[in-house]
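Participant: The following file, model_18.json, comprises JSON, C-alpha atoms:
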```json
[["chain", "number", "residue", "atom", "x", "y", "z"],
["A", 1, "MET", "CA", 124.55, 96.64, 37.60],
["A", 2, "ALA", "CA", 123.94, 92.99, 36.95],
["A", 3, "ASN", "CA", 121.88, 90.88, 39.32],
["A", 4, "LEU", "CA", 124.41, 88.63, 41.05],
["A", 5, "GLY", "CA", 121.90, 86.99, 43.36],
["A", 6, "LYS", "CA", 122.28, 86.61, 47.08],
["A", 7, "LYS", "CA", 125.61, 87.19, 48.80],
["A", 8, "PHE", "CA", 126.97, 84.38, 51.00],
["A", 9, "THR", "CA", 129.91, 83.78, 53.30],
["A", 10, "CYS", "CA", 130.92, 80.12, 53.36],
["A", 11, "PHE", "CA", 130.48, 78.54, 56.77],
["A", 12, "LYS", "CA", 133.57, 76.31, 56.27],
["A", 13, "CYS", "CA", 136.21, 78.48, 54.59],
["A", 14, "GLU", "CA", 134.60, 81.93, 55.06],
["A", 15, "THR", "CA", 134.92, 82.81, 51.38],
["A", 16, "LYS", "CA", 132.50, 85.50, 50.23],
["A", 17, "PHE", "CA", 130.59, 84.76, 47.03],
["A", 18, "TYR", "CA", 127.29, 85.29, 45.16],
["A", 19, "ASP", "CA", 124.94, 82.46, 44.17],
["A", 20, "PHE", "CA", 124.07, 84.03, 40.76],
["A", 21, "GLY", "CA", 120.40, 83.18, 41.34],
["A", 22, "LYS", "CA", 120.99, 79.41, 41.36],
["A", 23, "PRO", "CA", 118.72, 77.27, 43.58],
["A", 24, "GLU", "CA", 121.68, 75.72, 45.46],
["A", 25, "ALA", "CA", 124.43, 77.96, 46.83],
["A", 26, "HIS", "CA", 127.75, 76.09, 46.62],
["A", 27, "CYS", "CA", 131.04, 77.64, 47.69],
["A", 28, "PRO", "CA", 133.33, 78.06, 44.66],
["A", 29, "LYS", "CA", 136.44, 77.44, 46.78],
["A", 30, "CYS", "CA", 135.57, 74.36, 48.90],
["A", 31, "GLY", "CA", 132.27, 73.23, 47.32],
["A", 32, "ALA", "CA", 130.23, 73.24, 50.56],
["A", 33, "ASN", "CA", 126.46, 73.54, 50.15],
["A", 34, "GLN", "CA", 125.33, 76.55, 52.20],
["A", 35, "LYS", "CA", 121.99, 74.94, 53.07],
["A", 36, "ASN", "CA", 123.92, 72.44, 55.20],
["A", 37, "ALA", "CA", 125.35, 75.23, 57.36],
["A", 38, "PRO", "CA", 124.89, 74.74, 61.12],
["A", 39, "SER", "CA", 122.40, 77.09, 62.67],
["A", 40, "ARG", "CA", 123.80, 79.93, 64.74],
["A", 41, "PRO", "CA", 122.94, 79.94, 68.44],
["A", 42, "LYS", "CA", 120.72, 82.82, 69.43],
["A", 43, "ALA", "CA", 122.18, 85.50, 71.65],
["A", 44, "VAL", "CA", 121.36, 85.18, 75.32],
["A", 45, "LYS", "CA", 119.19, 88.03, 76.54],
["A", 46, "LYS", "CA", 120.47, 89.89, 79.53],
["A", 47, "ASP", "CA", 118.16, 90.32, 82.51],
["A", 48, "LYS", "CA", 117.12, 93.88, 83.13],
["A", 49, "THR", "CA", 118.14, 95.19, 86.49],
["A", 50, "VAL", "CA", 116.47, 97.91, 88.49],
["A", 51, "HIS", "CA", 118.65, 100.44, 90.23],
["A", 52, "LEU", "CA", 117.08, 101.68, 93.44],
["A", 53, "ILE", "CA", 117.90, 105.23, 94.43],
["A", 54, "GLU", "CA", 118.16, 106.02, 98.11],
["A", 55, "ASP", "CA", 116.05, 109.09, 98.75],
["A", 56, "ASP", "CA", 116.54, 110.87, 102.06],
["A", 57, "PHE", "CA", 114.14, 113.71, 101.25],
["A", 58, "THR", "CA", 111.64, 114.43, 103.98],
["A", 59, "GLN", "CA", 108.84, 116.82, 103.36],
["A", 60, "GLU", "CA", 108.77, 119.74, 105.76],
["A", 61, "ALA", "CA", 105.67, 120.58, 107.72],
["A", 62, "GLU", "CA", 103.53, 123.08, 105.91],
["A", 63, "GLY", "CA", 103.41, 126.49, 107.47],
["A", 64, "GLU", "CA", 102.26, 129.92, 106.48],
["A", 65, "PRO", "CA", 103.53, 130.79, 102.98],
["A", 66, "ILE", "CA", 106.00, 133.65, 102.97],
["A", 67, "THR", "CA", 105.06, 136.58, 100.79],
["A", 68, "GLU", "CA", 107.36, 139.40, 99.72],
["A", 69, "ASP", "CA", 105.84, 141.83, 102.23],
["A", 70, "THR", "CA", 106.18, 139.50, 105.21],
["A", 71, "PHE", "CA", 109.70, 138.53, 104.13],
["A", 72, "GLU", "CA", 110.95, 142.13, 104.08],
["A", 73, "GLU", "CA", 109.14, 142.98, 107.31],
["A", 74, "GLY", "CA", 110.52, 139.89, 109.01],
["A", 75, "LEU", "CA", 114.07, 140.98, 108.19],
["A", 76, "GLY", "CA", 113.42, 144.62, 109.05],
["A", 77, "PHE", "CA", 114.34, 145.61, 105.53],
["A", 78, "GLN", "CA", 112.65, 148.50, 103.80],
["A", 79, "SER", "CA", 112.97, 148.97, 100.07],
["A", 80, "PRO", "CA", 114.44, 152.42, 99.30],
["A", 81, "ARG", "CA", 112.86, 152.67, 95.89],
["A", 82, "ALA", "CA", 109.23, 153.10, 95.01],
["A", 83, "GLU", "CA", 107.34, 150.46, 93.13],
["A", 84, "GLY", "CA", 107.69, 150.74, 89.34],
["A", 85, "VAL", "CA", 111.18, 152.28, 89.49],
["A", 86, "ASP", "CA", 114.25, 150.22, 88.70],
["A", 87, "PRO", "CA", 117.73, 150.76, 90.26],
["A", 88, "GLY", "CA", 118.78, 152.95, 87.34],
["A", 89, "ASP", "CA", 115.96, 155.37, 88.16],
["A", 90, "LEU", "CA", 114.19, 154.52, 84.92],
["A", 91, "ARG", "CA", 110.47, 154.17, 85.05],
["A", 92, "MET", "CA", 108.93, 150.91, 83.79],
["A", 93, "ASP", "CA", 107.16, 152.90, 81.07],
["A", 94, "ASP", "CA", 110.53, 153.84, 79.55],
["A", 95, "TYR", "CA", 111.16, 150.21, 78.57],
["A", 96, "ASP", "CA", 108.19, 150.14, 76.17],
["A", 97, "GLU", "CA", 109.69, 152.72, 73.83]]
```
Could you show the structure in this file as structure tokens?
Facilitator:
Amino acid sequence: MANLGKKFTCFKCETKFYDFGKPEAHCPKCGANQKNAPSRPKAVKKDKTVHLIEDDFTQEAEGEPITEDTFEEGLGFQSPRAEGVDPGDLRMDDYDE
């Protein structure tokens, strides 16, 4: 593909054209020199806002940690199965095979 130079859009008539590598870019339709184009105003930056989150969490007083044994004893619940046996009466060793 041929080198057409830099692409321009005329600031007066909004015609799109290439400068063909010439030092001065003139619009082929209206003849306006593109170096005389008014500068564009810069975009205004928006201020960053901080959103505060209302937190009503209150930490409970620390007490004795509950273990499985004290939990079951506290409820009066006894486990009917022995340790190492699942509800399907399979031993834990059977899962390895």
Participant: With only C-alpha atoms as the counted atoms, please give the residues lying no more than 7 Å from segment 1-6 of chain A, apart from itself and same-chain residues fewer than 3 positions off, as number ranges by chain.
Facilitator: A: 18-21
Participant: Record the distance separating atom CA of Phe11 of chain A and atom CA of Glu24 of chain A, expressed in Å with one decimal.
Facilitator: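 Result for atom CA of Phe11 of chain A versus atom CA of Glu24 of chain A: 14.6 Å, one decimal.
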Participant: Would you mind listing what lies within 10 Å of Lys29 of chain A as a ChimeraX atom specification, with all atoms listed in the file counted and same-chain residues fewer than 2 positions away left out?
Facilitator: /A:10,12-17,26-27,31-32
Participant: What gap, in Å, lies between atom CA of Lys42 of chain A and atom CA of Lys22 of chain A?
Facilitator: 28.3 Å
Participant: Could you work out how far atom CA of Ala43 of chain A lies from atom CA of Ala25 of chain A, giving the answer in Å with one decimal?
Facilitator: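 We find that atom CA of Ala25 of chain A and atom CA of Ala43 of chain A lie 26.0 Å from each other.
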